[in-house]
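Source file: input-v8.pdb; contents: PDB, C-alpha atoms, pLDDT in the B column.
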```pdb
ATOM      1  CA  MET A   1      37.766  14.087 -38.151  1.00 45.00           C
ATOM      2  CA  PRO A   2      37.264  15.786 -34.753  1.00 51.00           C
ATOM      3  CA  THR A   3      34.139  17.471 -36.147  1.00 44.00           C
ATOM      4  CA  ARG A   4      32.609  14.107 -37.068  1.00 45.00           C
ATOM      5  CA  LEU A   5      33.452  12.689 -33.641  1.00 39.00           C
ATOM      6  CA  LEU A   6      31.892  15.709 -31.953  1.00 35.00           C
ATOM      7  CA  ALA A   7      28.789  15.373 -34.149  1.00 37.00           C
ATOM      8  CA  ALA A   8      28.487  11.658 -33.300  1.00 37.00           C
ATOM      9  CA  VAL A   9      28.743  12.378 -29.566  1.00 35.00           C
ATOM     10  CA  PHE A  10      26.161  15.166 -29.849  1.00 39.00           C
ATOM     11  CA  LEU A  11      23.783  12.943 -31.831  1.00 35.00           C
ATOM     12  CA  THR A  12      24.120  10.128 -29.269  1.00 37.00           C
ATOM     13  CA  LEU A  13      23.359  12.511 -26.397  1.00 36.00           C
ATOM     14  CA  PHE A  14      20.424  14.018 -28.285  1.00 36.00           C
ATOM     15  CA  VAL A  15      18.858  10.601 -28.980  1.00 34.00           C
ATOM     16  CA  ALA A  16      19.298   9.563 -25.319  1.00 37.00           C
ATOM     17  CA  ALA A  17      17.647  12.799 -24.172  1.00 37.00           C
ATOM     18  CA  CYS A  18      14.657  12.200 -26.445  1.00 37.00           C
ATOM     19  CA  ASP A  19      13.954   8.674 -25.164  1.00 35.00           C
ATOM     20  CA  ASP A  20      10.190   8.055 -24.963  1.00 35.00           C
ATOM     21  CA  ASP A  21      10.345   6.249 -21.591  1.00 36.00           C
ATOM     22  CA  PRO A  22       9.071   8.443 -18.746  1.00 35.00           C
ATOM     23  CA  PRO A  23      11.458   8.947 -15.850  1.00 35.00           C
ATOM     24  CA  THR A  24      11.064   6.802 -12.768  1.00 36.00           C
ATOM     25  CA  SER A  25       9.881   8.250  -9.457  1.00 38.00           C
ATOM     26  CA  PRO A  26      12.459  10.573  -7.841  1.00 45.00           C
ATOM     27  CA  SER A  27      14.213   7.712  -6.067  1.00 49.00           C
ATOM     28  CA  GLY A  28      13.225   5.101  -8.672  1.00 62.00           C
ATOM     29  CA  GLN A  29      11.264   3.229  -6.044  1.00 84.00           C
ATOM     30  CA  SER A  30       7.625   2.618  -5.264  1.00 89.00           C
ATOM     31  CA  ARG A  31       6.120   4.605  -2.375  1.00 95.00           C
ATOM     32  CA  LEU A  32       3.312   4.179   0.152  1.00 98.00           C
ATOM     33  CA  THR A  33       2.137   7.053   2.370  1.00 98.00           C
ATOM     34  CA  PHE A  34      -0.726   7.491   4.818  1.00 98.00           C
ATOM     35  CA  GLY A  35      -3.187  10.355   5.126  1.00 98.00           C
ATOM     36  CA  ALA A  36      -5.046  11.230   8.356  1.00 98.00           C
ATOM     37  CA  ILE A  37      -6.237   7.976   9.922  1.00 98.00           C
ATOM     38  CA  ALA A  38      -9.522   7.709  11.836  1.00 98.00           C
ATOM     39  CA  PRO A  39     -10.698   6.966  14.483  1.00 98.00           C
ATOM     40  CA  ALA A  40      -9.020   9.330  16.910  1.00 96.00           C
ATOM     41  CA  ALA A  41      -6.722   8.055  19.640  1.00 97.00           C
ATOM     42  CA  GLY A  42      -8.589   6.313  22.441  1.00 97.00           C
ATOM     43  CA  ALA A  43     -11.710   5.590  20.388  1.00 98.00           C
ATOM     44  CA  SER A  44     -13.596   2.284  20.312  1.00 98.00           C
ATOM     45  CA  VAL A  45     -14.780   0.561  17.158  1.00 98.00           C
ATOM     46  CA  THR A  46     -17.611  -1.977  17.197  1.00 97.00           C
ATOM     47  CA  THR A  47     -17.640  -4.970  14.859  1.00 98.00           C
ATOM     48  CA  THR A  48     -20.547  -6.904  13.419  1.00 97.00           C
ATOM     49  CA  GLY A  49     -20.530 -10.686  13.726  1.00 95.00           C
ATOM     50  CA  SER A  50     -18.165 -12.758  15.819  1.00 93.00           C
ATOM     51  CA  THR A  51     -14.566 -13.863  15.475  1.00 91.00           C
ATOM     52  CA  PRO A  52     -12.854 -15.082  13.454  1.00 89.00           C
ATOM     53  CA  GLY A  53     -15.190 -13.415  10.960  1.00 89.00           C
ATOM     54  CA  ALA A  54     -16.057 -10.239  12.850  1.00 97.00           C
ATOM     55  CA  MET A  55     -16.220  -7.308  10.448  1.00 98.00           C
ATOM     56  CA  ILE A  56     -15.715  -3.588  10.439  1.00 98.00           C
ATOM     57  CA  VAL A  57     -18.087  -2.908   7.567  1.00 97.00           C
ATOM     58  CA  ARG A  58     -16.607  -1.060   4.616  1.00 97.00           C
ATOM     59  CA  GLY A  59     -18.004   2.466   4.400  1.00 96.00           C
ATOM     60  CA  SER A  60     -19.416   2.369   7.947  1.00 97.00           C
ATOM     61  CA  GLY A  61     -17.401   5.431   8.982  1.00 96.00           C
ATOM     62  CA  GLN A  62     -15.774   3.624  11.887  1.00 98.00           C
ATOM     63  CA  VAL A  63     -12.291   3.284  10.365  1.00 98.00           C
ATOM     64  CA  SER A  64     -10.744   5.348   7.580  1.00 98.00           C
ATOM     65  CA  ILE A  65      -7.180   4.789   6.380  1.00 98.00           C
ATOM     66  CA  PRO A  66      -6.255   6.932   3.354  1.00 98.00           C
ATOM     67  CA  ILE A  67      -3.227   5.564   1.508  1.00 98.00           C
ATOM     68  CA  THR A  68      -1.387   6.837  -1.549  1.00 98.00           C
ATOM     69  CA  VAL A  69       0.769   4.397  -3.504  1.00 98.00           C
ATOM     70  CA  SER A  70       3.035   4.934  -6.484  1.00 96.00           C
ATOM     71  CA  ALA A  71       5.100   2.511  -8.499  1.00 93.00           C
ATOM     72  CA  GLY A  72       8.691   3.204  -9.502  1.00 93.00           C
ATOM     73  CA  ARG A  73       8.481   0.282 -11.929  1.00 94.00           C
ATOM     74  CA  GLU A  74       5.729  -1.490 -13.872  1.00 95.00           C
ATOM     75  CA  LEU A  75       3.918  -4.052 -11.709  1.00 96.00           C
ATOM     76  CA  PRO A  76       2.011  -6.628 -13.790  1.00 96.00           C
ATOM     77  CA  TRP A  77      -0.399  -7.077 -10.863  1.00 96.00           C
ATOM     78  CA  ALA A  78      -0.551  -5.410  -7.439  1.00 97.00           C
ATOM     79  CA  GLN A  79      -2.663  -5.533  -4.302  1.00 97.00           C
ATOM     80  CA  LEU A  80      -2.833  -3.311  -1.236  1.00 98.00           C
ATOM     81  CA  SER A  81      -2.964  -5.305   2.005  1.00 98.00           C
ATOM     82  CA  VAL A  82      -3.461  -3.477   5.311  1.00 98.00           C
ATOM     83  CA  TYR A  83      -3.068  -5.022   8.766  1.00 98.00           C
ATOM     84  CA  LEU A  84      -4.287  -3.757  12.150  1.00 98.00           C
ATOM     85  CA  MET A  85      -1.264  -4.304  14.397  1.00 98.00           C
ATOM     86  CA  LYS A  86      -1.041  -5.026  18.113  1.00 98.00           C
ATOM     87  CA  ALA A  87       1.757  -3.954  20.465  1.00 98.00           C
ATOM     88  CA  ASP A  88       3.326  -7.440  20.352  1.00 98.00           C
ATOM     89  CA  GLY A  89       3.879  -7.200  16.576  1.00 97.00           C
ATOM     90  CA  THR A  90       1.037  -9.541  15.614  1.00 97.00           C
ATOM     91  CA  TYR A  91      -2.121  -8.397  13.859  1.00 97.00           C
ATOM     92  CA  CYS A  92      -5.799  -8.783  14.731  1.00 97.00           C
ATOM     93  CA  GLY A  93      -7.398  -7.634  11.483  1.00 97.00           C
ATOM     94  CA  GLN A  94      -6.883  -7.335   7.753  1.00 98.00           C
ATOM     95  CA  ASN A  95      -8.580  -5.279   5.023  1.00 98.00           C
ATOM     96  CA  LEU A  96     -10.809  -8.081   3.785  1.00 93.00           C
ATOM     97  CA  PRO A  97     -12.714  -7.730   1.532  1.00 88.00           C
ATOM     98  CA  ASP A  98     -11.577  -4.095   1.106  1.00 97.00           C
ATOM     99  CA  ALA A  99      -8.241  -4.898  -0.596  1.00 96.00           C
ATOM    100  CA  PRO A 100      -7.845  -2.991  -3.885  1.00 97.00           C
ATOM    101  CA  THR A 101      -5.984  -4.605  -6.784  1.00 96.00           C
ATOM    102  CA  TRP A 102      -4.539  -3.310 -10.023  1.00 96.00           C
ATOM    103  CA  GLY A 103      -3.462  -5.175 -13.108  1.00 94.00           C
ATOM    104  CA  PRO A 104      -1.194  -3.766 -14.272  1.00 95.00           C
ATOM    105  CA  PHE A 105       0.026  -0.954 -12.027  1.00 96.00           C
ATOM    106  CA  PRO A 106       2.024   1.249 -14.444  1.00 95.00           C
ATOM    107  CA  ARG A 107       5.399   2.743 -13.607  1.00 94.00           C
ATOM    108  CA  ASN A 108       5.044   6.245 -12.109  1.00 91.00           C
ATOM    109  CA  GLU A 109       1.292   5.710 -11.605  1.00 92.00           C
ATOM    110  CA  THR A 110      -0.133   7.095  -8.352  1.00 96.00           C
ATOM    111  CA  ALA A 111      -3.347   5.882  -6.739  1.00 97.00           C
ATOM    112  CA  THR A 112      -5.070   7.101  -3.585  1.00 98.00           C
ATOM    113  CA  VAL A 113      -7.542   4.817  -1.823  1.00 98.00           C
ATOM    114  CA  THR A 114      -9.284   4.854   1.544  1.00 98.00           C
ATOM    115  CA  ILE A 115      -9.448   1.519   3.332  1.00 98.00           C
ATOM    116  CA  SER A 116     -12.420   1.237   5.686  1.00 98.00           C
ATOM    117  CA  GLY A 117     -13.407  -2.460   5.786  1.00 98.00           C
ATOM    118  CA  PHE A 118     -11.654  -5.110   7.879  1.00 98.00           C
ATOM    119  CA  GLN A 119     -12.089  -8.678   8.977  1.00 98.00           C
ATOM    120  CA  VAL A 120     -11.132  -8.931  12.646  1.00 98.00           C
ATOM    121  CA  PHE A 121      -9.720 -12.197  13.993  1.00 95.00           C
ATOM    122  CA  GLN A 122      -9.436 -11.368  17.712  1.00 96.00           C
ATOM    123  CA  LEU A 123     -11.676  -9.386  20.058  1.00 97.00           C
ATOM    124  CA  PRO A 124     -11.117  -7.202  21.898  1.00 97.00           C
ATOM    125  CA  CYS A 125      -8.090  -5.836  20.106  1.00 98.00           C
ATOM    126  CA  SER A 126      -5.990  -2.845  21.095  1.00 98.00           C
ATOM    127  CA  VAL A 127      -4.705  -1.520  17.773  1.00 98.00           C
ATOM    128  CA  THR A 128      -1.378   0.293  18.110  1.00 98.00           C
ATOM    129  CA  GLY A 129      -0.371   0.487  14.471  1.00 98.00           C
ATOM    130  CA  VAL A 130      -1.348   0.070  10.863  1.00 98.00           C
ATOM    131  CA  ARG A 131       0.952  -1.759   8.447  1.00 98.00           C
ATOM    132  CA  ALA A 132       0.335  -1.624   4.688  1.00 98.00           C
ATOM    133  CA  TYR A 133       1.949  -3.384   1.742  1.00 98.00           C
ATOM    134  CA  LEU A 134       1.674  -2.787  -1.984  1.00 97.00           C
ATOM    135  CA  HIS A 135       2.631  -6.241  -3.184  1.00 96.00           C
ATOM    136  CA  THR A 136       2.709  -8.470  -6.230  1.00 96.00           C
ATOM    137  CA  ARG A 137       1.681 -11.767  -4.619  1.00 92.00           C
ATOM    138  CA  ASN A 138      -1.400 -13.214  -6.325  1.00 88.00           C
ATOM    139  CA  ASN A 139      -1.790 -16.649  -4.720  1.00 87.00           C
ATOM    140  CA  GLY A 140      -4.525 -16.197  -2.118  1.00 82.00           C
ATOM    141  CA  LEU A 141      -2.286 -16.201   0.961  1.00 84.00           C
ATOM    142  CA  LEU A 142      -3.603 -13.803   3.576  1.00 87.00           C
ATOM    143  CA  ILE A 143      -0.427 -13.379   5.615  1.00 91.00           C
ATOM    144  CA  PRO A 144       1.823 -10.360   5.064  1.00 95.00           C
ATOM    145  CA  PRO A 145       3.864 -10.619   1.863  1.00 96.00           C
ATOM    146  CA  THR A 146       7.558 -11.426   1.847  1.00 95.00           C
ATOM    147  CA  ALA A 147      10.170  -8.794   1.033  1.00 95.00           C
ATOM    148  CA  SER A 148      10.558 -10.180  -2.493  1.00 95.00           C
ATOM    149  CA  GLU A 149       6.788  -9.815  -3.068  1.00 95.00           C
ATOM    150  CA  THR A 150       6.626  -6.247  -1.687  1.00 96.00           C
ATOM    151  CA  ALA A 151       6.868  -3.206  -3.960  1.00 95.00           C
ATOM    152  CA  ALA A 152       6.277  -0.644  -1.176  1.00 96.00           C
ATOM    153  CA  ASP A 153       5.257  -0.706   2.462  1.00 97.00           C
ATOM    154  CA  GLY A 154       4.683   1.615   5.347  1.00 98.00           C
ATOM    155  CA  SER A 155       3.376   1.846   8.868  1.00 98.00           C
ATOM    156  CA  ALA A 156       1.604   4.382  11.043  1.00 98.00           C
ATOM    157  CA  THR A 157       1.083   4.560  14.783  1.00 98.00           C
ATOM    158  CA  VAL A 158      -2.530   4.598  15.986  1.00 98.00           C
ATOM    159  CA  ASN A 159      -4.338   3.930  19.249  1.00 98.00           C
ATOM    160  CA  PHE A 160      -7.879   2.563  19.227  1.00 98.00           C
ATOM    161  CA  THR A 161      -9.738  -0.493  20.484  1.00 98.00           C
ATOM    162  CA  ILE A 162     -11.890  -2.878  18.491  1.00 98.00           C
ATOM    163  CA  ARG A 163     -14.723  -4.565  20.385  1.00 96.00           C
TER     164      ARG A 163
END
```

Would you give me this structure, written as structure tokens?
Amino acid sequence: MPTRLLAAVFLTLFVAACDDDPPTSPSGQSRLTFGAIAPAAGASVTTTGSTPGAMIVRGSGQVSIPITVSAGRELPWAQLSVYLMKADGTYCGQNLPDAPTWGPFPRNETATVTISGFQVFQLPCSVTGVRAYLHTRNNGLLIPPTASETAADGSATVNFTIR
């Protein structure tokens, strides 16, 4: 009888070890990290148009924000929203229309994108930070997502002026 019990335990452990599901990310959570952000500290960026629709044109070389995101769980739909933050905690620009989406975003998938286009709502704007969210909200709201809608987020300190 002990041999059968030992064999049953071994078989159970073997089947669990051979599960086809890939492991989750090391912490089981989604991640968002920044690469080297441009422009350099103290630089000025010039928009086209006027507020509230002033634009930093995507691909213009004025702003470059490399971001790597990974999902610790399957996201049926995801979007990357990036905000240009001011010292008072409000934001003066958002990555519109340069906001990548995925549907779905598979568990353990990693994507690297460079955000370079922004709509700017206030000029001039002293940008002191960048705040990014990988989120699952798909309802057209342009404000930052809530905690329940956010899969991963991150921030970086910067220092440039938009004119």

A:Ser44, A:Thr101, A:Thr110, A:Ser155 ranked by distance to Ile65 of chain A, top pick (using only C-alpha atoms): A:Ser155

Residue members of the PyMOL selection byres ((chain A and resi 40-42) around 10) in the file shown, as an MDAnalysis selection string: chainID A and resid 36:39 43:45 63 126:128 157:161

Write out, as an mmCIF file, keeping the file's coordinate frame, the residues just selected, with C-alpha atoms.
```
data_model
loop_
_atom_site.group_PDB
_atom_site.id
_atom_site.type_symbol
_atom_site.label_atom_id
_atom_site.label_comp_id
_atom_site.auth_asym_id
_atom_site.auth_seq_id
_atom_site.Cartn_x
_atom_site.Cartn_y
_atom_site.Cartn_z
ATOM 1 C CA ALA A 36 -5.046 11.230 8.356
ATOM 2 C CA ILE A 37 -6.237 7.976 9.922
ATOM 3 C CA ALA A 38 -9.522 7.709 11.836
ATOM 4 C CA PRO A 39 -10.698 6.966 14.483
ATOM 5 C CA ALA A 43 -11.710 5.590 20.388
ATOM 6 C CA SER A 44 -13.596 2.284 20.312
ATOM 7 C CA VAL A 45 -14.780 0.561 17.158
ATOM 8 C CA VAL A 63 -12.291 3.284 10.365
ATOM 9 C CA SER A 126 -5.990 -2.845 21.095
ATOM 10 C CA VAL A 127 -4.705 -1.520 17.773
ATOM 11 C CA THR A 128 -1.378 0.293 18.110
ATOM 12 C CA THR A 157 1.083 4.560 14.783
ATOM 13 C CA VAL A 158 -2.530 4.598 15.986
ATOM 14 C CA ASN A 159 -4.338 3.930 19.249
ATOM 15 C CA PHE A 160 -7.879 2.563 19.227
ATOM 16 C CA THR A 161 -9.738 -0.493 20.484
#
```

Point-to-point distance from atom CA of Pro97 of chain A to atom CA of Val113 of chain A, Å rounded to tenths: 14.0 Å

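Selection result for the displayed file, with the PyMOL selection byres ((chain A and resi 80) around 6) as criterion, is Gln79, Ser81, Ala99, Pro100, Tyr133 and Leu134 of chain A.
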
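Considering the residues A:Phe118, A:Trp77, A:Phe34, A:Tyr83 and counting only C-alpha atoms, Pro144 of chain A has its shortest atom-to-atom contact with A:Tyr83.
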
Residue neighbourhood segment 47-55 of chain A, 7 Å, only C-alpha atoms, exclusion window fewer than 2 positions, as a tab-separated table (two decimals) with C-alpha atoms, in the coordinates of the input:
```tsv
chain	number	residue	atom	x	y	z
A	45	VAL	CA	-14.78	0.56	17.16
A	57	VAL	CA	-18.09	-2.91	7.57
A	118	PHE	CA	-11.65	-5.11	7.88
A	119	GLN	CA	-12.09	-8.68	8.98
A	120	VAL	CA	-11.13	-8.93	12.65
A	121	PHE	CA	-9.72	-12.20	13.99
A	122	GLN	CA	-9.44	-11.37	17.71
A	163	ARG	CA	-14.72	-4.57	20.39
```

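Distance annotation: of A:Gly89, A:Asp98, A:Arg131, A:Gly140, the residue with the minimal separation from Ala152 of chain A is A:Arg131; atom set is only C-alpha atoms.
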
Atomic distance atom CA of Thr68 of chain A - atom CA of Asn108 of chain A, expressed in Å with one decimal: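 Between atom CA of Thr68 of chain A and atom CA of Asn108 of chain A the gap is 12.4 Å.
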
Between atom CA of Leu142 of chain A and atom CA of Arg73 of chain A, distance in Å (one decimal):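 Atom CA of Arg73 of chain A lies at a distance of 24.2 Å from atom CA of Leu142 of chain A.
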
Residue members of the PyMOL selection byres ((chain A and resi 109) around 10) in the file shown, as a tab-separated table (two decimals) with C-alpha atoms, in the coordinates of the input:
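This went into out.tsv:
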```
chain	number	residue	atom	x	y	z
A	24	THR	CA	11.06	6.80	-12.77
A	25	SER	CA	9.88	8.25	-9.46
A	30	SER	CA	7.62	2.62	-5.26
A	69	VAL	CA	0.77	4.40	-3.50
A	70	SER	CA	3.04	4.93	-6.48
A	71	ALA	CA	5.10	2.51	-8.50
A	72	GLY	CA	8.69	3.20	-9.50
A	73	ARG	CA	8.48	0.28	-11.93
A	74	GLU	CA	5.73	-1.49	-13.87
A	105	PHE	CA	0.03	-0.95	-12.03
A	106	PRO	CA	2.02	1.25	-14.44
A	107	ARG	CA	5.40	2.74	-13.61
A	108	ASN	CA	5.04	6.24	-12.11
A	110	THR	CA	-0.13	7.10	-8.35
A	111	ALA	CA	-3.35	5.88	-6.74
```
